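To start, the structure itself, in structure tokens.
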Amino acid sequence: MADDGQYLAKLQDYYARHMVLPSYASIGTLVSLNSKASVAGMVLRLKSEGFLESSPDRRLKPGKRFFERPVAESVRAGLPSLAADFGPEALRIDEYLVAHPSRTVLITVKGDSMIDAGIHPGDVVIVEKRAAANAGDIVVAILDNDFTLKRLGREKGRAVLLPENKSYPIIRPKGDAEIFGVVVGLFRKY
């Protein structure tokens, strides 16, 4: 049986470059299959596993599992440990980080006031838009029509915005701090 994992990887790379899947006719060339029957069989197997779907006009499109990425058991940040192969577990990043797509935005971080929380300039934070947050949450707040990224705290029953860098002062809003949303994750590209 053919290695559908390698075929899928080629289709994923193609999609990443072109933001569309190739036509049935082009798939054979892309994955080095010589017959239409072989291409049809491979596509059928990937559809049955949820990696591909057909649009109403019968074009191929990514299925629910198309964006899964393999998950390694773990990696130690201290002393080296034996390497293990990736297990069968997989993760869809969007599904993992985005509980409410209609209320989720991505915001690029500017500045270093949250560096001690591991949030660096250029990182992209995943923010779920909501007006309420708990003390200790990292939030995007609106102050004087400007956005700021800080940890929400409480002093004497009032909201304060705490930087995670000792070079910055605590922000004590005169009124209530308006919460734009709560940070639920982040990513960075090296």
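Just remember, in the structure tokens the first chain shown is A, the second B, etc., residues are 1-based per chain, and ligands are 1-based in the order shown.
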
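Residues lying within 10 Å of Pro62 of chain A, counting only C-alpha atoms and ignoring same-chain neighbours fewer than 6 positions away, are Leu11, Gln12, Tyr15, Val20, Leu21, Lys47, Gly50, Phe51, Leu52, Glu53, Ser54 and Ser55 of chain A.
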
From the DSSP assignment of the backbone, select every residue of chain A that is strand (DSSP E), and format the answer as a tab-separated table (two decimals) with N, CA and C atoms, in the first residue's frame.
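Contents of the output file out01.tsv:
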```tsv
chain	number	residue	atom	x	y	z
A	52	LEU	N	-9.09	15.14	3.54
A	52	LEU	CA	-9.58	15.86	2.36
A	52	LEU	C	-11.10	15.79	2.33
A	53	GLU	N	-11.70	16.78	1.66
A	53	GLU	CA	-13.14	16.81	1.42
A	53	GLU	C	-13.36	17.34	0.02
A	54	SER	N	-14.58	17.21	-0.47
A	54	SER	CA	-14.95	17.80	-1.75
A	54	SER	C	-15.86	18.98	-1.50
A	60	LEU	N	-11.30	19.61	-4.61
A	60	LEU	CA	-10.76	19.16	-3.33
A	60	LEU	C	-10.52	20.36	-2.43
A	61	LYS	N	-10.76	20.14	-1.13
A	61	LYS	CA	-10.46	21.16	-0.14
A	61	LYS	C	-9.95	20.45	1.12
A	62	PRO	N	-9.26	21.17	1.99
A	62	PRO	CA	-8.76	20.55	3.21
A	62	PRO	C	-9.92	20.05	4.07
A	68	GLU	N	-3.87	18.99	11.08
A	68	GLU	CA	-3.30	18.33	12.26
A	68	GLU	C	-1.79	18.31	12.16
A	69	ARG	N	-1.15	18.43	13.29
A	69	ARG	CA	0.30	18.31	13.36
A	69	ARG	C	0.62	17.25	14.38
A	70	PRO	N	1.67	16.43	14.15
A	70	PRO	CA	2.02	15.40	15.12
A	70	PRO	C	2.48	16.02	16.42
A	90	ALA	N	-2.27	13.59	17.37
A	90	ALA	CA	-2.12	14.77	16.53
A	90	ALA	C	-2.96	15.89	17.11
A	91	LEU	N	-2.65	17.10	16.70
A	91	LEU	CA	-3.29	18.29	17.25
A	91	LEU	C	-3.57	19.27	16.13
A	92	ARG	N	-4.79	19.82	16.12
A	92	ARG	CA	-5.12	20.91	15.21
A	92	ARG	C	-4.94	22.19	16.01
A	104	THR	N	-12.39	35.62	18.45
A	104	THR	CA	-10.94	35.50	18.60
A	104	THR	C	-10.22	36.35	17.57
A	105	VAL	N	-9.22	37.10	18.06
A	105	VAL	CA	-8.38	37.91	17.18
A	105	VAL	C	-6.91	37.61	17.51
A	106	LEU	N	-6.06	37.86	16.55
A	106	LEU	CA	-4.62	37.73	16.72
A	106	LEU	C	-4.03	39.13	16.75
A	107	ILE	N	-3.16	39.39	17.72
A	107	ILE	CA	-2.58	40.73	17.87
A	107	ILE	C	-1.06	40.60	18.00
A	108	THR	N	-0.32	41.34	17.19
A	108	THR	CA	1.13	41.34	17.27
A	108	THR	C	1.57	42.24	18.41
A	124	VAL	N	2.80	36.88	18.58
A	124	VAL	CA	1.40	37.07	18.24
A	124	VAL	C	0.57	36.44	19.35
A	125	VAL	N	-0.22	37.26	20.03
A	125	VAL	CA	-1.08	36.74	21.09
A	125	VAL	C	-2.45	36.42	20.51
A	126	ILE	N	-3.04	35.36	21.03
A	126	ILE	CA	-4.38	34.93	20.64
A	126	ILE	C	-5.30	35.46	21.72
A	127	VAL	N	-6.21	36.33	21.33
A	127	VAL	CA	-7.05	37.04	22.30
A	127	VAL	C	-8.51	36.68	22.05
A	128	GLU	N	-9.17	36.22	23.11
A	128	GLU	CA	-10.61	36.00	23.05
A	128	GLU	C	-11.28	37.28	23.55
A	129	LYS	N	-12.04	37.91	22.65
A	129	LYS	CA	-12.69	39.17	23.00
A	129	LYS	C	-13.78	38.91	24.03
A	138	ILE	N	-3.94	37.56	31.74
A	138	ILE	CA	-3.25	38.52	30.88
A	138	ILE	C	-4.31	39.05	29.92
A	139	VAL	N	-4.45	40.36	29.89
A	139	VAL	CA	-5.54	40.97	29.14
A	139	VAL	C	-5.02	42.02	28.16
A	140	VAL	N	-5.85	42.31	27.18
A	140	VAL	CA	-5.69	43.50	26.36
A	140	VAL	C	-6.73	44.48	26.89
A	141	ALA	N	-6.25	45.59	27.41
A	141	ALA	CA	-7.14	46.60	27.99
A	141	ALA	C	-7.09	47.86	27.12
A	142	ILE	N	-8.14	48.64	27.24
A	142	ILE	CA	-8.21	49.90	26.49
A	142	ILE	C	-8.12	51.04	27.51
A	143	LEU	N	-7.09	51.88	27.34
A	143	LEU	CA	-6.89	53.05	28.20
A	143	LEU	C	-6.71	54.27	27.30
A	146	ASP	N	-6.20	53.70	23.69
A	146	ASP	CA	-5.03	52.93	23.30
A	146	ASP	C	-5.14	51.53	23.92
A	147	PHE	N	-4.61	50.55	23.20
A	147	PHE	CA	-4.58	49.18	23.71
A	147	PHE	C	-3.28	48.96	24.48
A	148	THR	N	-3.36	48.17	25.53
A	148	THR	CA	-2.17	47.76	26.27
A	148	THR	C	-2.33	46.31	26.70
A	149	LEU	N	-1.22	45.61	26.75
A	149	LEU	CA	-1.20	44.20	27.15
A	149	LEU	C	-0.58	44.12	28.53
A	150	LYS	N	-1.35	43.68	29.52
A	150	LYS	CA	-0.87	43.62	30.91
A	150	LYS	C	-1.58	42.48	31.63
A	151	ARG	N	-1.08	42.16	32.83
A	151	ARG	CA	-1.75	41.21	33.70
A	151	ARG	C	-2.75	41.99	34.55
A	152	LEU	N	-3.96	41.49	34.64
A	152	LEU	CA	-4.99	42.16	35.44
A	152	LEU	C	-4.78	41.83	36.91
A	153	GLY	N	-4.78	42.88	37.74
A	153	GLY	CA	-4.63	42.70	39.17
A	153	GLY	C	-5.71	43.48	39.91
A	154	ARG	N	-5.70	43.37	41.21
A	154	ARG	CA	-6.65	44.10	42.06
A	154	ARG	C	-5.90	44.73	43.22
A	155	GLU	N	-6.23	45.98	43.49
A	155	GLU	CA	-5.73	46.71	44.66
A	155	GLU	C	-6.91	47.41	45.30
A	158	ARG	N	-10.07	47.59	43.30
A	158	ARG	CA	-10.05	48.24	41.99
A	158	ARG	C	-9.09	47.51	41.05
A	159	ALA	N	-9.41	47.54	39.78
A	159	ALA	CA	-8.56	46.89	38.78
A	159	ALA	C	-7.29	47.70	38.56
A	160	VAL	N	-6.16	46.98	38.48
A	160	VAL	CA	-4.88	47.58	38.09
A	160	VAL	C	-4.29	46.71	37.00
A	161	LEU	N	-3.41	47.31	36.21
A	161	LEU	CA	-2.77	46.60	35.12
A	161	LEU	C	-1.29	46.47	35.44
A	162	LEU	N	-0.85	45.22	35.57
A	162	LEU	CA	0.49	44.93	36.04
A	162	LEU	C	1.41	44.54	34.89
A	178	GLU	N	-11.20	49.20	30.87
A	178	GLU	CA	-12.05	48.52	29.89
A	178	GLU	C	-11.27	47.34	29.33
A	179	ILE	N	-11.79	46.15	29.49
A	179	ILE	CA	-11.13	44.94	29.00
A	179	ILE	C	-11.61	44.67	27.58
A	180	PHE	N	-10.68	44.59	26.66
A	180	PHE	CA	-10.99	44.22	25.28
A	180	PHE	C	-11.07	42.70	25.15
A	181	GLY	N	-10.13	42.00	25.81
A	181	GLY	CA	-10.12	40.54	25.71
A	181	GLY	C	-9.05	39.93	26.59
A	182	VAL	N	-9.09	38.61	26.66
A	182	VAL	CA	-8.17	37.84	27.49
A	182	VAL	C	-7.26	37.02	26.58
A	183	VAL	N	-5.96	37.03	26.89
A	183	VAL	CA	-4.99	36.25	26.11
A	183	VAL	C	-5.17	34.77	26.46
A	184	VAL	N	-5.36	33.94	25.43
A	184	VAL	CA	-5.54	32.50	25.64
A	184	VAL	C	-4.36	31.69	25.10
A	185	GLY	N	-3.44	32.37	24.43
A	185	GLY	CA	-2.26	31.68	23.90
A	185	GLY	C	-1.41	32.66	23.11
A	186	LEU	N	-0.29	32.15	22.64
A	186	LEU	CA	0.58	32.97	21.80
A	186	LEU	C	1.42	32.07	20.92
A	187	PHE	N	1.99	32.65	19.88
A	187	PHE	CA	2.97	31.94	19.08
A	187	PHE	C	4.00	32.92	18.60
```

Determine which residues of segment 1-152 of chain A receive a DSSP assignment of alpha helix (DSSP H), computed from the backbone, and state them as a PyMOL selection string. chain A and resi 4-18+24-31+36-48+93-97

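Here atom CA of Ile119 of chain A and atom CA of Arg103 of chain A stand 21.4 Å from one another.
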
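Contact shell of Arg45 of chain A at 12 Å (only C-alpha atoms; same-chain neighbours under 5 positions omitted): Met1, Ala2, Asp3, Asp4, Gly5, Tyr7, Leu8, Ser38, Val39, Ala40, Gly50, Phe51, Leu52 and Glu53 of chain A.
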
Output N, CA and C atoms for every residue in the selection just made, as a compact mmCIF listing (two decimals), in the first residue's frame.
```txt
# COMPACT_ATOMS: atom_id res chain seq x y z
N MET A 1 0.85 -1.20 0.00
CA MET A 1 0.00 0.00 0.00
C MET A 1 0.88 1.25 0.00
N ALA A 2 0.43 2.25 -0.66
CA ALA A 2 1.18 3.50 -0.79
C ALA A 2 1.30 4.19 0.55
N ASP A 3 2.28 5.06 0.66
CA ASP A 3 2.48 5.83 1.89
C ASP A 3 1.65 7.10 1.82
N ASP A 4 0.42 7.03 2.30
CA ASP A 4 -0.48 8.18 2.24
C ASP A 4 0.04 9.35 3.06
N GLY A 5 0.82 9.08 4.10
CA GLY A 5 1.40 10.16 4.91
C GLY A 5 2.32 11.04 4.08
N TYR A 7 2.12 11.37 0.76
CA TYR A 7 1.25 12.08 -0.19
C TYR A 7 0.59 13.28 0.48
N LEU A 8 0.09 13.05 1.69
CA LEU A 8 -0.56 14.13 2.43
C LEU A 8 0.42 15.27 2.69
N SER A 38 -4.81 5.31 -9.39
CA SER A 38 -3.98 5.43 -8.18
C SER A 38 -4.26 6.75 -7.47
N VAL A 39 -4.39 7.83 -8.23
CA VAL A 39 -4.71 9.14 -7.64
C VAL A 39 -6.08 9.09 -6.98
N ALA A 40 -7.06 8.53 -7.67
CA ALA A 40 -8.42 8.44 -7.13
C ALA A 40 -8.44 7.62 -5.84
N GLY A 50 -10.53 11.83 6.76
CA GLY A 50 -10.87 13.19 7.16
C GLY A 50 -9.84 14.24 6.79
N PHE A 51 -8.84 13.87 5.98
CA PHE A 51 -7.81 14.84 5.59
C PHE A 51 -8.25 15.69 4.39
N LEU A 52 -9.09 15.14 3.54
CA LEU A 52 -9.58 15.86 2.36
C LEU A 52 -11.10 15.79 2.33
N GLU A 53 -11.70 16.78 1.66
CA GLU A 53 -13.14 16.81 1.42
C GLU A 53 -13.36 17.34 0.02
```

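Note that the spacing between atom CA of Gln6 of chain A and atom CA of Thr29 of chain A amounts to 13.8 Å.
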
So that I can see what lies close to Met114 of chain A, please list as an MDAnalysis selection string the residues with an atom at most 6 Å from it, counting only C-alpha atoms and leaving out residues fewer than 3 positions away in the same chain. chainID A and resid 117 119 163:165

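Restricting the calculation to only C-alpha atoms, the smallest distance between Glu95 of chain A and any of A:Arg58, A:Asp123, A:Ile115, A:Lys64 is found for A:Lys64.
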